[in-house]
Amino acid sequence: MIDLRINDQIHSVDVTPDTPLLWVLRDILGMVGTKFGCGIAECGACTVHLDGKAVRACVLPIGAVSGRSVTTIEGVGADPVGKAVQEAWIERDVVQCGYCQPGQIMAATALLKETPHPTDMQIDEALSGNICRCGTYGRIRDAVHAAAERQS
Amino acid sequence: MNAFAGKPNAARRAVLIGGGALVFSAALPLRRGRARDLGGVPETGVLVENPANAFSPNAFVRVTPSAAGEAGEIVMVMPNVEMGQGIYTQSVVLIAEELDVDPVNILLEAAPPSDVYMTAALGTEATGGSTSTMSQWDPLRQAGAAAREMLKQAAATRWGCSVDLLKTENGKVLNTKTGQSLFYGEVASEAALLTPPKDVPLRPSSEWKLIGHARHRLDSRIKVEGRCEFGIDVIKPGMKVGTVSACPVMGGRVKSMDRAAALAVPGVCDVLKIDNAVCVVADNYYAAHKGLKALFVQWDEGENAHVDTALIYQQLHDGLNDPKPLVAEKHGDAPKALAGAAKTYEAIYQQPLLAHSPMEPINCALHIRKDGADVWVSTQVPLRARDAVAEIAGLPKESVTLSSQYIGGGFGRRLEHEYVAQAAMFAKQVPYPLKIVWSREEDIQLDRYRPAYVDRVRAGLDEKGDMTSIVFDLVGPAVCARWAPAGMTKEGFDPDLAVAIAPPETPYYYKNFQENYIRRETPGVVTAWWRGVGGTRGLFVIESFMDELALLKNVDPLEWRRRLISHEHPRARGVLDLVAEKSGWGKPLPPGHGRGVCLQFVFGSYMATVATVNLEDPLNIKVVSVDSAVDCGEIVNPDQVIAQIEGGVIFGLGTALFDEITLKNGRVQESNFSTWRIIRMNEAPPVRVHLVQSHEKPGGIGECGTAAIAPAIANAIAAATGRRLRTLPLMKALHSSEGEN
């Protein structure tokens, strides 16, 4: 059994330690807000926070997560920065299909926690690992700025 | 894609409204959780399973009877699937405008598979071809109006007064004389006994409170909080997860596999096989994925094992020499005018196979039992998907339920349902509910692709360089022949291939025009619709060619287009002038920069686009900005029109620059986002959208941006460098010697 701390709750899972966090979340714990997009850390749909840093859950073995704190899209709204990001996303009508947006929001939240007032270039750097097939990048950039404003 | 436009089955649309739908509505399952989420209603309400006495005057509206002084539930059934285009929000607005309810106070339900929800232009229950708003514009407003009039009549009877004294507001019937009011739910039972009226006059635009106003999407909150249930997110009790591998060469079959090795992987519980594919089932996707690797499948590759990209292009180019092309469309005598022209000009364009790669990989969950089946799937064609499962499972169609899940990107991929059929073939072998999830590699390599095309255009010019005739020779597959055979012309032309180049779907007037078609199906792959369908192919051809003619005559490309616009299309002139103003057309640019324009009339909407590029580095195309002026007629939600253009431009831009599906030994070479490049945030230019106020009929918008951008960039590159790139993708062409003098 592996003990996990996810969104401040302890879960025990019985799974091989090489299993990526993504599939523990989705298929074992039923937390399906974190998305599968590529399986090779190329698209960012599976982005979660590990001790506050944005990481790709699809390539993160569960064995490496034990004892550390995981935040997912289901829990990020409990954080004021995460909440501000979600509200900015709604206000700017960022989402289209919405499939990549949990990952985008997790990446944006991690950025704002580190850099409360990022420039366009800093936003590009932090979010270029997150693909949006619907092409909402312009609104994402606007919403990150709007979330930063909400925080100040 | 406009396979059925103008055909007699447009009459089918009449079924949508009126008594015929009454019986049907009673069979609708309610999916409460989702509906409540969307409407912002608390999730802890009392569930009332669609009571028999609900007021359901048509297939789109249902009101639950309520106790005195209580509101009751208003359910709206969404005829189109939500795949990001915002159609749920727009459809609710159309109904609510006539029904007088606040869109945030209603419950939403995805339509089940049924002929009732047929999109006439597509010949089945389908969401695609930028048809949703166009096809629902009248039916949904009529559904709301009919329901409203019945509720008023029921209240009038209750109060014993004239219906003329009554009005409706925010989910209530009001008596203007006495001040009394009743929630819709309070009179729902009585309204249910009335006959739905026909032809209720729709409100004029001057009375609209909702249509035409920017409105936040109804599905944003569930999506940003990770609570939106896409097909891939479905979990049912006892469900197992499978992942599949189909023969990477089309037409091949499973030769051998190491079943024991796969079953030895912890968590793996089944290995399933069909003729051309295998599925490993496990407790979770990762275990299934490991099991699939361990299975070490070997294939009998079959006759397509020799197909490669060069062969595909060769066959298309050879098609240009076909001595007997089909004359698909014509007016005047273009070949004669061409032969007698003072000068002729010719260009050949080549476009690649393209994958769809929506962010949600292909998946399908289903439970096939002896007495019926349940399917949960993201699909643009619910009816076809349901029927396929019924046929494969040997079940009556009525015993198969299908839940249309939110779609994590469609782009035409989910107009196909072969993945549902494949999933059914596996699922019927097991007693438990099975969710099949394709890997990204499977999603890209077993996609059904936007076809590759070769187009030749020839123009006859007079002594002054003005065009007197134009002849298109188009070589490529006919997607329509497979997807909607009834949409083919009797001569064998796929009308989608005329979009953007032939009247009436062009803003230009051609004195003499002919479109010749040489059908060449692509070996080794199945070809399919893609975002922008015919418009994407056609616009790259015609808008590149128009630019070439302008430069040949040394006329400003925007002015050249203005001269050629038919008098029947004044709105084309409007968008062209607007984009010229907004983009700063004609103003000086730094060295290495260029502007390119694209003008279009496709999907019933007019649009003009100017892209500005920077080629200071001659081997890199940097798109600086994009301006689009749009006249799509009446607009339901301006902000979502803007969003669709922004997103469509970015979608088409990445593809125009980078993407080409290639084959080697019958196998698709691109496999994941490492080799199939999607445009990223740091590469995405600002897209500025300029809307024209219009009271014309609504046009489609979801695919306009995608179609516009490739020619706009190619033309901008020509302006910046003098190099004319006629081959997509553009980055590859730039790195070749194409267009160099």
# chains A, B, ... in the order shown; residues from 1 in each chain; ligands from 1

call {"tool": "interface_residues", "arguments": {"of": "chain A", "to": "chain B", "cutoff": "7 Å", "atoms": "only C-alpha atoms", "output": "VMD selection string"}}
result
chain A and resid 19 23 27 to 28 32 to 33 37 to 38 42 73 to 74 86 90 93 95 to 102 124 127 to 128 131 133 to 138

call {"tool": "residues_around", "arguments": {"residues": "A:Thr71", "least_positions_apart": "2", "cutoff": "8 Å", "atoms": "only C-alpha atoms", "output": "ChimeraX atom specification"}}
result
/A:6-8,48-52,69,73-76

call {"tool": "write_last_selection", "arguments": {"atoms": "C-alpha atoms", "output": "JSON list (two decimals), in the first residue's frame"}}
result
[["chain", "number", "residue", "atom", "x", "y", "z"],
["A", 6, "ILE", "CA", -4.03, 14.57, -2.24],
["A", 7, "ASN", "CA", -5.84, 17.85, -1.69],
["A", 8, "ASP", "CA", -5.07, 17.50, 2.04],
["A", 48, "VAL", "CA", -0.95, 18.79, -10.99],
["A", 49, "HIS", "CA", 1.03, 20.34, -8.15],
["A", 50, "LEU", "CA", 3.59, 18.35, -6.22],
["A", 51, "ASP", "CA", 4.59, 20.33, -3.14],
["A", 52, "GLY", "CA", 3.29, 23.42, -4.96],
["A", 69, "SER", "CA", 1.63, 16.76, -1.08],
["A", 73, "ILE", "CA", -7.87, 20.60, -10.13],
["A", 74, "GLU", "CA", -10.48, 19.28, -7.70],
["A", 75, "GLY", "CA", -8.60, 20.89, -4.81],
["A", 76, "VAL", "CA", -6.90, 23.94, -6.25]]

call {"tool": "select_by_dssp", "arguments": {"residues": "stretch 495-576 of chain B", "states": "strand (DSSP E or B)", "output": "number ranges by chain"}}
result
B: 508, 513-519, 527, 565

call {"tool": "residues_around", "arguments": {"residues": "stretch 114-123 of chain A", "least_positions_apart": "2", "cutoff": "9 Å", "atoms": "only C-alpha atoms", "output": "list in words"}}
result
Ala108, Thr109, Ala110, Leu111, Leu112, Glu125, Ala126, Leu127, Ser128, Arg141, Val144, His145, Ala148, Glu149, Gln151 and Ser152 of chain A; Met681 and Asn682 of chain B

call {"tool": "select_by_dssp", "arguments": {"residues": "stretch 23-213 of chain B", "states": "helix (DSSP H, G or I)", "output": "PyMOL selection string"}}
result
chain B and resi 23-25+32-39+87-99+103-105+115-117+120-122+132-159+163-165+184-191+205-207

call {"tool": "residues_around", "arguments": {"residues": "stretch 593-596 of chain B", "least_positions_apart": "6", "cutoff": "12 Å", "atoms": "only C-alpha atoms", "output": "ChimeraX atom specification"}}
result
/B:543-544,546-548,550-551,556-558,579-580,583-587,608-618,620-628,708-724

call {"tool": "write_last_selection", "arguments": {"atoms": "N, CA and C atoms", "output": "compact mmCIF listing (two decimals), in the first residue's frame"}}
result
# COMPACT_ATOMS: atom_id res chain seq x y z
N GLU B 543 -7.59 31.51 -52.83
CA GLU B 543 -7.05 32.76 -52.29
C GLU B 543 -5.56 32.91 -52.56
N SER B 544 -4.86 31.80 -52.68
CA SER B 544 -3.46 31.90 -53.13
C SER B 544 -3.44 32.34 -54.59
N MET B 546 -5.71 33.93 -56.40
CA MET B 546 -6.12 35.33 -56.59
C MET B 546 -4.95 36.28 -56.30
N ASP B 547 -4.21 35.95 -55.27
CA ASP B 547 -3.05 36.76 -54.91
C ASP B 547 -2.01 36.74 -56.03
N GLU B 548 -1.81 35.57 -56.59
CA GLU B 548 -0.83 35.45 -57.66
C GLU B 548 -1.22 36.30 -58.86
N ALA B 550 -3.08 38.96 -58.83
CA ALA B 550 -2.94 40.38 -58.47
C ALA B 550 -1.49 40.83 -58.63
N LEU B 551 -0.58 40.00 -58.12
CA LEU B 551 0.84 40.37 -58.19
C LEU B 551 1.33 40.37 -59.63
N ASP B 556 -2.67 45.89 -56.12
CA ASP B 556 -2.76 45.58 -54.69
C ASP B 556 -3.72 44.39 -54.51
N PRO B 557 -3.29 43.35 -53.79
CA PRO B 557 -4.11 42.13 -53.68
C PRO B 557 -5.50 42.37 -53.09
N LEU B 558 -5.60 43.32 -52.19
CA LEU B 558 -6.90 43.61 -51.61
C LEU B 558 -7.78 44.33 -52.64
N VAL B 579 -11.54 44.97 -42.73
CA VAL B 579 -10.25 44.39 -42.33
C VAL B 579 -9.10 45.26 -42.82
N ALA B 580 -9.29 45.92 -43.97
CA ALA B 580 -8.24 46.80 -44.47
C ALA B 580 -7.99 47.93 -43.46
N SER B 583 -6.56 46.42 -39.97
CA SER B 583 -5.22 45.81 -40.00
C SER B 583 -4.15 46.82 -40.41
N GLY B 584 -4.58 48.00 -40.80
CA GLY B 584 -3.59 48.97 -41.27
C GLY B 584 -3.03 48.59 -42.62
N TRP B 585 -3.84 47.96 -43.43
CA TRP B 585 -3.43 47.51 -44.77
C TRP B 585 -2.82 48.68 -45.54
N GLY B 586 -1.68 48.45 -46.16
CA GLY B 586 -1.05 49.49 -46.97
C GLY B 586 -0.08 50.36 -46.20
N LYS B 587 -0.15 50.31 -44.86
CA LYS B 587 0.80 51.11 -44.10
C LYS B 587 2.17 50.42 -44.12
N ALA B 608 -13.06 38.37 -43.98
CA ALA B 608 -11.81 38.79 -44.61
C ALA B 608 -10.73 38.81 -43.53
N THR B 609 -9.58 38.26 -43.87
CA THR B 609 -8.52 38.10 -42.88
C THR B 609 -7.22 38.69 -43.42
N VAL B 610 -6.51 39.39 -42.56
CA VAL B 610 -5.17 39.85 -42.91
C VAL B 610 -4.20 39.31 -41.88
N ALA B 611 -3.20 38.59 -42.37
CA ALA B 611 -2.14 38.09 -41.49
C ALA B 611 -0.87 38.90 -41.76
N THR B 612 -0.16 39.23 -40.70
CA THR B 612 1.13 39.91 -40.84
C THR B 612 2.23 38.96 -40.38
N VAL B 613 3.23 38.76 -41.24
CA VAL B 613 4.31 37.83 -40.89
C VAL B 613 5.65 38.56 -40.86
N ASN B 614 6.55 37.93 -40.13
CA ASN B 614 7.92 38.43 -40.02
C ASN B 614 8.85 37.33 -40.49
N LEU B 615 9.57 37.59 -41.59
CA LEU B 615 10.55 36.62 -42.08
C LEU B 615 11.94 37.23 -42.12
N GLU B 616 12.26 38.01 -41.08
CA GLU B 616 13.63 38.52 -40.98
C GLU B 616 14.60 37.36 -40.95
N ASP B 617 14.21 36.29 -40.28
CA ASP B 617 14.92 35.02 -40.41
C ASP B 617 14.25 34.29 -41.57
N PRO B 618 14.94 34.18 -42.71
CA PRO B 618 14.27 33.66 -43.91
C PRO B 618 13.88 32.19 -43.79
N ASN B 620 12.33 30.99 -41.00
CA ASN B 620 11.32 30.86 -39.95
C ASN B 620 10.16 31.80 -40.21
N ILE B 621 8.96 31.25 -40.11
CA ILE B 621 7.76 32.06 -40.32
C ILE B 621 7.21 32.46 -38.96
N LYS B 622 7.31 33.75 -38.66
CA LYS B 622 6.75 34.23 -37.41
C LYS B 622 5.50 35.04 -37.75
N VAL B 623 4.37 34.57 -37.27
CA VAL B 623 3.13 35.29 -37.54
C VAL B 623 2.96 36.34 -36.46
N VAL B 624 2.94 37.59 -36.86
CA VAL B 624 2.95 38.70 -35.91
C VAL B 624 1.55 38.98 -35.38
N SER B 625 0.57 39.01 -36.28
CA SER B 625 -0.80 39.28 -35.86
C SER B 625 -1.76 38.84 -36.95
N VAL B 626 -2.99 38.65 -36.53
CA VAL B 626 -4.05 38.28 -37.48
C VAL B 626 -5.27 39.16 -37.18
N ASP B 627 -5.83 39.76 -38.22
CA ASP B 627 -7.09 40.50 -38.09
C ASP B 627 -8.13 39.80 -38.95
N SER B 628 -9.31 39.59 -38.39
CA SER B 628 -10.41 39.04 -39.19
C SER B 628 -11.64 39.90 -39.02
N ALA B 708 -9.40 30.18 -43.19
CA ALA B 708 -8.83 31.43 -43.70
C ALA B 708 -7.32 31.52 -43.62
N ILE B 709 -6.75 30.88 -42.62
CA ILE B 709 -5.42 31.33 -42.21
C ILE B 709 -4.28 30.86 -43.13
N ALA B 710 -4.38 29.67 -43.70
CA ALA B 710 -3.27 29.20 -44.54
C ALA B 710 -3.03 30.12 -45.74
N PRO B 711 -4.08 30.46 -46.50
CA PRO B 711 -3.81 31.38 -47.61
C PRO B 711 -3.36 32.76 -47.15
N ALA B 712 -3.91 33.24 -46.03
CA ALA B 712 -3.49 34.57 -45.56
C ALA B 712 -1.99 34.58 -45.26
N ILE B 713 -1.49 33.50 -44.64
CA ILE B 713 -0.06 33.46 -44.33
C ILE B 713 0.77 33.28 -45.60
N ALA B 714 0.33 32.37 -46.47
CA ALA B 714 1.10 32.14 -47.71
C ALA B 714 1.21 33.44 -48.50
N ASN B 715 0.12 34.21 -48.52
CA ASN B 715 0.15 35.47 -49.25
C ASN B 715 1.04 36.49 -48.55
N ALA B 716 1.05 36.45 -47.23
CA ALA B 716 1.93 37.35 -46.48
C ALA B 716 3.39 36.99 -46.71
N ILE B 717 3.68 35.71 -46.80
CA ILE B 717 5.06 35.28 -47.06
C ILE B 717 5.50 35.78 -48.44
N ALA B 718 4.59 35.67 -49.41
CA ALA B 718 4.91 36.17 -50.76
C ALA B 718 5.19 37.67 -50.71
N ALA B 719 4.40 38.39 -49.92
CA ALA B 719 4.61 39.84 -49.82
C ALA B 719 5.94 40.16 -49.14
N ALA B 720 6.31 39.33 -48.16
CA ALA B 720 7.53 39.61 -47.39
C ALA B 720 8.79 39.20 -48.14
N THR B 721 8.70 38.12 -48.90
CA THR B 721 9.92 37.53 -49.47
C THR B 721 9.92 37.39 -50.98
N GLY B 722 8.75 37.54 -51.60
CA GLY B 722 8.66 37.26 -53.03
C GLY B 722 8.54 35.78 -53.34
N ARG B 723 8.58 34.95 -52.30
CA ARG B 723 8.47 33.50 -52.54
C ARG B 723 7.01 33.06 -52.47
N ARG B 724 6.55 32.37 -53.48
CA ARG B 724 5.19 31.84 -53.50
C ARG B 724 5.24 30.36 -53.09

call {"tool": "closest_residue", "arguments": {"among": "A:Ala146, A:Ile105, A:Met1, A:Leu21", "to": "A:Ala64", "atoms": "only C-alpha atoms"}}
result
A:Leu21
